[in-house]
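S.K.: Pasting upload31.cif here (mmCIF, C-alpha atoms):
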```
data_protein
loop_
_atom_site.group_PDB
_atom_site.id
_atom_site.type_symbol
_atom_site.label_atom_id
_atom_site.label_comp_id
_atom_site.auth_asym_id
_atom_site.auth_seq_id
_atom_site.Cartn_x
_atom_site.Cartn_y
_atom_site.Cartn_z
ATOM 1 C CA MET A 234 -45.932 -142.322 29.346
ATOM 2 C CA ASP A 235 -49.665 -142.108 28.617
ATOM 3 C CA SER A 236 -50.207 -145.476 30.292
ATOM 4 C CA ILE A 237 -48.375 -144.256 33.402
ATOM 5 C CA VAL A 238 -50.531 -141.107 33.622
ATOM 6 C CA GLN A 239 -53.695 -143.134 33.074
ATOM 7 C CA GLY A 240 -52.603 -145.647 35.675
ATOM 8 C CA ILE A 241 -51.935 -142.941 38.266
ATOM 9 C CA ALA A 242 -55.344 -141.410 37.531
ATOM 10 C CA ILE A 243 -57.004 -144.789 38.098
ATOM 11 C CA TYR A 244 -55.070 -145.657 41.266
ATOM 12 C CA ALA A 245 -54.994 -142.197 42.895
ATOM 13 C CA LEU A 246 -58.450 -142.230 44.504
ATOM 14 C CA PRO A 247 -58.376 -145.888 45.672
ATOM 15 C CA VAL A 248 -54.896 -145.455 47.203
ATOM 16 C CA ILE A 249 -55.740 -142.215 49.017
ATOM 17 C CA LEU A 250 -59.038 -143.593 50.349
ATOM 18 C CA ALA A 251 -57.504 -146.924 51.380
ATOM 19 C CA ILE A 252 -54.686 -145.365 53.374
ATOM 20 C CA THR A 253 -56.539 -142.421 54.940
ATOM 21 C CA LEU A 254 -59.754 -144.228 55.885
ATOM 22 C CA HIS A 255 -57.628 -146.971 57.436
ATOM 23 C CA GLU A 256 -56.196 -144.365 59.808
ATOM 24 C CA ALA A 257 -59.521 -142.635 60.451
ATOM 25 C CA ALA A 258 -61.019 -145.974 61.496
ATOM 26 C CA HIS A 259 -58.365 -146.351 64.212
ATOM 27 C CA GLY A 260 -59.285 -142.952 65.633
ATOM 28 C CA TYR A 261 -63.020 -143.588 65.504
ATOM 29 C CA VAL A 262 -62.782 -146.908 67.353
ATOM 30 C CA ALA A 263 -60.313 -145.446 69.864
ATOM 31 C CA ARG A 264 -62.852 -142.711 70.660
ATOM 32 C CA HIS A 265 -65.550 -145.359 71.072
ATOM 33 C CA PHE A 266 -63.431 -147.100 73.709
ATOM 34 C CA GLY A 267 -62.520 -143.934 75.598
ATOM 35 C CA ASP A 268 -59.466 -142.337 73.964
ATOM 36 C CA PHE A 269 -60.289 -138.900 72.533
ATOM 37 C CA THR A 270 -56.733 -138.053 71.443
ATOM 38 C CA ALA A 271 -57.433 -138.333 67.714
ATOM 39 C CA PHE A 272 -60.837 -136.655 68.081
ATOM 40 C CA ASN A 273 -59.327 -133.659 69.891
ATOM 41 C CA GLN A 274 -56.770 -133.261 67.107
ATOM 42 C CA GLY A 275 -59.427 -133.370 64.390
ATOM 43 C CA ARG A 276 -58.131 -136.659 62.984
ATOM 44 C CA ILE A 277 -61.448 -138.545 63.011
ATOM 45 C CA SER A 278 -62.427 -137.298 59.593
ATOM 46 C CA LEU A 279 -63.270 -138.645 56.148
ATOM 47 C CA ASN A 280 -61.382 -135.689 54.663
ATOM 48 C CA PRO A 281 -58.217 -137.212 53.105
ATOM 49 C CA ALA A 282 -56.352 -133.918 53.625
ATOM 50 C CA LYS A 283 -56.394 -134.633 57.369
ATOM 51 C CA HIS A 284 -54.429 -137.843 56.894
ATOM 52 C CA ILE A 285 -52.300 -137.493 53.750
ATOM 53 C CA ASP A 286 -48.556 -137.772 54.226
ATOM 54 C CA PRO A 287 -46.893 -136.194 51.161
ATOM 55 C CA ILE A 288 -44.220 -138.895 51.077
ATOM 56 C CA GLY A 289 -46.072 -141.985 52.265
ATOM 57 C CA THR A 290 -49.459 -141.345 50.670
ATOM 58 C CA ILE A 291 -48.368 -139.773 47.383
ATOM 59 C CA LEU A 292 -44.640 -139.975 46.553
ATOM 60 C CA VAL A 293 -43.848 -143.558 47.573
ATOM 61 C CA PRO A 294 -46.932 -145.250 46.022
ATOM 62 C CA ALA A 295 -46.581 -143.172 42.827
ATOM 63 C CA THR A 296 -42.871 -143.983 42.542
ATOM 64 C CA LEU A 297 -43.434 -147.706 43.058
ATOM 65 C CA PHE A 298 -46.251 -147.668 40.508
ATOM 66 C CA ILE A 299 -44.128 -145.883 37.887
ATOM 67 C CA ILE A 300 -41.203 -148.261 38.469
ATOM 68 C CA SER A 301 -43.496 -151.270 38.046
ATOM 69 C CA LYS A 302 -44.805 -149.843 34.765
ATOM 70 C CA LEU A 303 -41.343 -149.030 33.412
ATOM 71 C CA THR A 304 -39.958 -152.437 34.343
ATOM 72 C CA MET A 305 -43.107 -154.271 33.180
ATOM 73 C CA GLY A 306 -43.287 -155.950 36.586
ATOM 74 C CA ALA A 307 -46.280 -156.733 38.750
ATOM 75 C CA GLY A 308 -45.052 -154.230 41.317
ATOM 76 C CA PHE A 309 -45.906 -153.897 44.990
ATOM 77 C CA LEU A 310 -47.836 -150.805 46.024
ATOM 78 C CA PHE A 311 -46.916 -149.653 49.502
ATOM 79 C CA GLY A 312 -47.625 -146.485 51.420
ATOM 80 C CA TRP A 313 -48.776 -144.914 54.621
ATOM 81 C CA ALA A 314 -50.686 -141.945 56.002
ATOM 82 C CA LYS A 315 -50.034 -139.756 59.018
ATOM 83 C CA PRO A 316 -50.539 -142.166 61.927
ATOM 84 C CA VAL A 317 -53.640 -141.365 63.932
ATOM 85 C CA PRO A 318 -52.543 -140.695 67.530
ATOM 86 C CA VAL A 319 -53.896 -143.242 69.977
ATOM 87 C CA ASN A 320 -53.111 -143.210 73.683
ATOM 88 C CA PHE A 321 -53.851 -146.794 74.677
ATOM 89 C CA ALA A 322 -53.619 -145.832 78.360
ATOM 90 C CA ASN A 323 -56.808 -143.780 77.906
ATOM 91 C CA LEU A 324 -58.835 -146.782 76.751
ATOM 92 C CA ARG A 325 -61.279 -148.125 79.305
ATOM 93 C CA HIS A 326 -59.633 -151.555 79.154
ATOM 94 C CA PRO A 327 -56.263 -150.849 77.475
ATOM 95 C CA LYS A 328 -55.097 -154.383 76.716
ATOM 96 C CA GLN A 329 -58.470 -155.728 75.618
ATOM 97 C CA ASP A 330 -59.605 -152.618 73.729
ATOM 98 C CA MET A 331 -56.288 -152.399 71.866
ATOM 99 C CA LEU A 332 -57.461 -155.401 69.845
ATOM 100 C CA TRP A 333 -60.460 -153.536 68.404
ATOM 101 C CA VAL A 334 -58.568 -150.299 67.800
ATOM 102 C CA ALA A 335 -55.878 -152.183 65.885
ATOM 103 C CA ALA A 336 -58.382 -154.320 63.959
ATOM 104 C CA ALA A 337 -60.310 -151.239 62.818
ATOM 105 C CA GLY A 338 -57.760 -150.350 60.125
ATOM 106 C CA PRO A 339 -57.705 -153.717 58.327
ATOM 107 C CA GLY A 340 -61.456 -153.923 58.854
ATOM 108 C CA ALA A 341 -61.887 -150.608 57.041
ATOM 109 C CA ASN A 342 -59.764 -151.931 54.162
ATOM 110 C CA LEU A 343 -61.905 -155.063 53.911
ATOM 111 C CA PHE A 344 -65.058 -152.925 53.853
ATOM 112 C CA MET A 345 -63.621 -150.697 51.113
ATOM 113 C CA ALA A 346 -62.560 -153.708 49.041
ATOM 114 C CA LEU A 347 -66.132 -154.971 49.193
ATOM 115 C CA ILE A 348 -67.470 -151.538 48.205
ATOM 116 C CA TRP A 349 -65.137 -151.416 45.192
ATOM 117 C CA ALA A 350 -66.274 -154.921 44.224
ATOM 118 C CA LEU A 351 -69.864 -153.668 44.343
ATOM 119 C CA VAL A 352 -68.890 -150.669 42.205
ATOM 120 C CA ILE A 353 -67.484 -153.048 39.561
ATOM 121 C CA LYS A 354 -70.624 -155.163 39.677
ATOM 122 C CA LEU A 355 -72.850 -152.120 39.192
ATOM 123 C CA ALA A 356 -70.689 -150.903 36.290
ATOM 124 C CA MET A 357 -70.998 -154.321 34.664
ATOM 125 C CA ILE A 358 -74.789 -154.469 34.838
ATOM 126 C CA MET A 359 -75.415 -150.839 33.845
ATOM 127 C CA PRO A 360 -75.586 -149.840 30.155
ATOM 128 C CA ILE A 361 -72.091 -149.508 28.712
ATOM 129 C CA ASN A 362 -70.853 -145.928 28.314
ATOM 130 C CA ASP A 363 -67.575 -143.970 28.233
ATOM 131 C CA PHE A 364 -67.176 -144.313 32.005
ATOM 132 C CA THR A 365 -67.679 -148.072 32.233
ATOM 133 C CA LYS A 366 -64.079 -149.149 31.607
ATOM 134 C CA PRO A 367 -62.445 -146.466 33.839
ATOM 135 C CA ILE A 368 -64.843 -147.313 36.688
ATOM 136 C CA ILE A 369 -64.123 -151.030 36.382
ATOM 137 C CA LEU A 370 -60.362 -150.418 36.304
ATOM 138 C CA MET A 371 -60.628 -148.131 39.331
ATOM 139 C CA GLY A 372 -62.657 -150.795 41.127
ATOM 140 C CA ILE A 373 -60.015 -153.425 40.365
ATOM 141 C CA ALA A 374 -57.347 -151.043 41.714
ATOM 142 C CA GLY A 375 -59.484 -150.425 44.821
ATOM 143 C CA ILE A 376 -59.783 -154.131 45.561
ATOM 144 C CA GLU A 377 -56.076 -154.679 44.932
ATOM 145 C CA ILE A 378 -54.747 -151.931 47.197
ATOM 146 C CA ASN A 379 -57.224 -152.551 50.019
ATOM 147 C CA VAL A 380 -56.612 -156.303 50.134
ATOM 148 C CA ILE A 381 -52.850 -155.715 50.089
ATOM 149 C CA LEU A 382 -53.045 -153.199 52.937
ATOM 150 C CA MET A 383 -55.370 -155.431 54.936
ATOM 151 C CA VAL A 384 -53.182 -158.524 54.664
ATOM 152 C CA LEU A 385 -49.952 -156.578 55.186
ATOM 153 C CA ASN A 386 -51.248 -154.848 58.301
ATOM 154 C CA LEU A 387 -52.498 -158.123 59.770
ATOM 155 C CA LEU A 388 -48.953 -159.516 59.943
ATOM 156 C CA PRO A 389 -48.185 -160.198 63.627
ATOM 157 C CA LEU A 390 -45.309 -157.736 63.713
ATOM 158 C CA PRO A 391 -45.384 -154.620 65.906
ATOM 159 C CA PRO A 392 -46.061 -151.799 65.122
ATOM 160 C CA LEU A 393 -48.334 -153.199 62.389
ATOM 161 C CA ASP A 394 -51.956 -153.692 63.410
ATOM 162 C CA GLY A 395 -51.507 -157.450 63.536
ATOM 163 C CA GLY A 396 -48.654 -156.976 65.999
ATOM 164 C CA ARG A 397 -50.819 -154.835 68.257
ATOM 165 C CA MET A 398 -53.611 -157.385 68.012
ATOM 166 C CA ALA A 399 -51.126 -160.074 69.060
ATOM 167 C CA VAL A 400 -50.022 -157.964 72.042
ATOM 168 C CA SER A 401 -53.680 -157.656 73.061
ATOM 169 C CA LEU A 402 -54.309 -161.405 72.825
ATOM 170 C CA LEU A 403 -51.083 -162.751 74.331
ATOM 171 C CA PRO A 404 -50.680 -163.296 78.090
ATOM 172 C CA HIS A 405 -49.284 -160.235 79.871
ATOM 173 C CA ARG A 406 -45.716 -161.485 80.338
ATOM 174 C CA ILE A 407 -45.338 -162.726 76.756
ATOM 175 C CA ALA A 408 -47.081 -159.622 75.389
ATOM 176 C CA TYR A 409 -44.648 -157.387 77.296
ATOM 177 C CA HIS A 410 -41.609 -159.018 75.698
ATOM 178 C CA PHE A 411 -43.258 -159.260 72.271
ATOM 179 C CA ALA A 412 -44.042 -155.517 72.302
ATOM 180 C CA LYS A 413 -40.303 -154.795 72.611
ATOM 181 C CA ILE A 414 -39.967 -155.761 68.937
ATOM 182 C CA GLU A 415 -41.819 -152.583 67.912
ATOM 183 C CA PRO A 416 -38.768 -150.263 67.506
ATOM 184 C CA TYR A 417 -37.323 -152.760 64.999
ATOM 185 C CA GLY A 418 -40.601 -153.650 63.284
ATOM 186 C CA PHE A 419 -40.225 -151.573 60.135
ATOM 187 C CA MET A 420 -36.606 -152.625 59.741
ATOM 188 C CA ILE A 421 -37.702 -156.270 59.913
ATOM 189 C CA LEU A 422 -40.486 -155.539 57.421
ATOM 190 C CA LEU A 423 -38.008 -153.900 55.023
ATOM 191 C CA VAL A 424 -35.693 -156.908 55.217
ATOM 192 C CA LEU A 425 -38.608 -159.246 54.523
ATOM 193 C CA LEU A 426 -39.643 -157.098 51.545
ATOM 194 C CA ILE A 427 -36.163 -156.903 49.985
ATOM 195 C CA SER A 428 -35.473 -160.594 50.535
ATOM 196 C CA GLY A 429 -38.733 -161.623 48.869
ATOM 197 C CA ILE A 430 -39.931 -163.422 52.000
ATOM 198 C CA LEU A 431 -42.719 -160.884 52.513
ATOM 199 C CA GLY A 432 -44.177 -161.551 49.075
ATOM 200 C CA PHE A 433 -43.901 -165.300 49.612
ATOM 201 C CA ILE A 434 -45.917 -164.934 52.828
ATOM 202 C CA ILE A 435 -48.666 -162.542 51.805
ATOM 203 C CA TRP A 436 -49.272 -162.989 48.041
ATOM 204 C CA PRO A 437 -50.988 -166.405 48.311
ATOM 205 C CA LEU A 438 -53.424 -164.973 50.874
ATOM 206 C CA ILE A 439 -53.963 -161.805 48.821
ATOM 207 C CA THR A 440 -54.690 -163.887 45.729
ATOM 208 C CA PHE A 441 -57.074 -166.143 47.651
ATOM 209 C CA ILE A 442 -59.067 -163.208 49.057
ATOM 210 C CA LYS A 443 -59.345 -161.556 45.637
ATOM 211 C CA LEU A 444 -60.495 -164.797 44.062
ATOM 212 C CA MET A 445 -63.145 -165.161 46.777
ATOM 213 C CA MET A 446 -64.440 -161.665 45.998
ATOM 214 C CA VAL A 447 -64.449 -162.296 42.269
ATOM 215 C CA SER A 448 -66.391 -165.505 42.829
ATOM 216 C CA PHE A 449 -68.852 -164.002 45.341
ATOM 217 C CA PHE A 450 -69.704 -160.948 43.228
ATOM 218 C CA GLY A 451 -69.344 -162.706 39.859
ATOM 219 C CA LEU A 452 -66.704 -160.218 38.694
ATOM 220 C CA TYR A 453 -65.459 -162.049 35.648
ATOM 221 C CA VAL A 454 -64.061 -159.070 33.768
#
```
Just give me the structure as structure tokens.
M.R.:
Amino acid sequence: MDSIVQGIAIYALPVILAITLHEAAHGYVARHFGDFTAFNQGRISLNPAKHIDPIGTILVPATLFIISKLTMGAGFLFGWAKPVPVNFANLRHPKQDMLWVAAAGPGANLFMALIWALVIKLAMIMPINDFTKPIILMGIAGIEINVILMVLNLLPLPPLDGGRMAVSLLPHRIAYHFAKIEPYGFMILLVLLISGILGFIIWPLITFIKLMMVSFFGLYV
């Protein structure tokens, strides 16, 4: 039980930041390209309370983490925040600008993963103290969750960010038909997750990205 409590304490901040800043980034970029919907609703904020979904941001990730600890499995952390409202019709160039609005979320996760890697590096080179190990473990958790969210959201499946990016890049006629998948997107994602196909697709890429970060920052912990 102590290990579960310690694990939640280590993962709590990285998970909340990863999910909420992902959403805030969508709103910020949408405002930049002309849609003030999120701004008018106060959703362009670094305050996690503005974005936390009690179920998706807290209950689901915590439950999955506890199950992984109890079953001694690697686990798969998954969660979501309150979606930031974006009215793509308000964008100056809706189809083209949709690409950057969608890419902002995964881009924020990549940025945060790099920041957590830097945090680990700084903890490693500073004099060892009582906070060194917790900071390193929190940094590892931060890299893990942000890389997972980045890769997962880049899947070309509406309504994931990768699906919206695909709609932006595809020719109009193909994009129109491809966008019709969106109502069934999460059902498809759930089937892929349960069947193990999702893990088969994304884990090699997740592992590769983490190894690149470890190599670049020299994080041999």
S.K.: Check which residues satisfy the PyMOL selection byres ((chain A and resi 272) around 10) in the file shown, then give them as a VMD selection string.
M.R.: chain A and resid 257 260 to 261 263 to 264 268 to 271 273 to 278 317 to 319
S.K.: Might you spell out which residues the PyMOL selection byres ((chain A and resi 378) around 10) would select in the displayed file, as a ChimeraX atom specification?
M.R.: /A:244,247-252,309-312,342,345-346,373-377,379-383
S.K.: Step by step, work through what the PyMOL selection byres ((chain A and resi 435-447) around 8) selects in the shown file, and finish by giving those residues as a list of chain:residue names.
M.R.: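 Checking the PyMOL selection byres ((chain A and resi 435-447) around 8) against this file, the residues are A:Leu347, A:Ala350, A:Ile376, A:Glu377, A:Val380, A:Ile381, A:Val384, A:Leu385, A:Leu431, A:Gly432, A:Phe433, A:Ile434, A:Ser448, A:Phe449, A:Phe450, A:Gly451, A:Leu452, A:Tyr453.
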S.K.: May I have the residues from that selection written out with C-alpha atoms, as a tab-separated table (two decimals), keeping the file's coordinate frame?
M.R.:
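Output below, filename result_23.tsv:
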```
chain	number	residue	atom	x	y	z
A	347	LEU	CA	-66.13	-154.97	49.19
A	350	ALA	CA	-66.27	-154.92	44.22
A	376	ILE	CA	-59.78	-154.13	45.56
A	377	GLU	CA	-56.08	-154.68	44.93
A	380	VAL	CA	-56.61	-156.30	50.13
A	381	ILE	CA	-52.85	-155.72	50.09
A	384	VAL	CA	-53.18	-158.52	54.66
A	385	LEU	CA	-49.95	-156.58	55.19
A	431	LEU	CA	-42.72	-160.88	52.51
A	432	GLY	CA	-44.18	-161.55	49.08
A	433	PHE	CA	-43.90	-165.30	49.61
A	434	ILE	CA	-45.92	-164.93	52.83
A	448	SER	CA	-66.39	-165.50	42.83
A	449	PHE	CA	-68.85	-164.00	45.34
A	450	PHE	CA	-69.70	-160.95	43.23
A	451	GLY	CA	-69.34	-162.71	39.86
A	452	LEU	CA	-66.70	-160.22	38.69
A	453	TYR	CA	-65.46	-162.05	35.65
```
S.K.: Using all atoms listed in the file, can you tell me which of A:Lys366, A:His284, A:His259, A:His265 comes closest to His326 in chain A?
M.R.: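 That would be A:His265, the residue with the smallest distance to His326 in chain A.
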S.K.: Between CA of Pro392 in chain A and CA of Ala335 in chain A, measure the distance and give it in Å to one decimal.
M.R.: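 CA of Ala335 in chain A lies at a distance of 9.9 Å from CA of Pro392 in chain A.
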S.K.: Dig up all the protein and nucleic acid residues within 12 Å of (-52.7, -163.8, 61.8) in the file frame, using all atoms listed in the file, and format them as a list in words.
M.R.: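 I get Ala336, Pro339, Met383, Val384, Leu385, Asn386, Leu387, Leu388, Pro389, Leu390, Leu393, Asp394, Gly395, Gly396, Arg397, Met398, Ala399, Leu402, Ile434, Ile435 and Leu438 of chain A for the residues within 12 Å of that point.
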S.K.: From the options A:Ile291, A:Ala258, A:Ile285, A:Leu403, which residue's atoms come nearest to Val334 in chain A, counting all atoms listed in the file?
M.R.: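 Once distances to Val334 in chain A are computed over all atoms listed in the file, the minimum belongs to A:Ala258.
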S.K.: For Ser301 in chain A, which residue among A:Ile358, A:Ala408, A:Ile241, A:Ile353 is the nearest when counting all atoms listed in the file?
M.R.: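 Closest candidate: A:Ile241.
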S.K.: From the list A:Ala295, A:Ala314, A:Ile348, A:Val238, which residue is nearest Lys283 in chain A when using all atoms listed in the file?
M.R.: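 Among A:Ala295, A:Ala314, A:Ile348, A:Val238, it is A:Ala314 that comes nearest to Lys283 in chain A.
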S.K.: When you draw a straight line from CA of Phe419 in chain A to CA of Phe266 in chain A, how long is it in Å?
M.R.: 27.3 Å
S.K.: Box along x, y and z, 3 Å on every side, all listed atoms of range 391-409 of chain A inside: centre and edge lengths in Å to one decimal, as AutoDock Vina command-line options.
M.R.:
```
--center_x -49.5 --center_y -157.5 --center_z 71.4 --size_x 15.7 --size_y 17.5 --size_z 23.9
```
S.K.: In Å, how far is it from CA of Met371 in chain A to CA of Trp349 in chain A?
M.R.: 8.1 Å
S.K.: Point out the residue among A:Asn280, A:Asn362, A:Thr290, A:Gln239 with the least atom-to-atom distance to Lys315 in chain A, counting all atoms listed in the file.
M.R.: A:Thr290
S.K.: Using all atoms listed in the file, which residue out of A:Gly240, A:Ile407, A:Gly372, A:Ala337 lies closest to Leu297 in chain A?
M.R.: A:Gly240
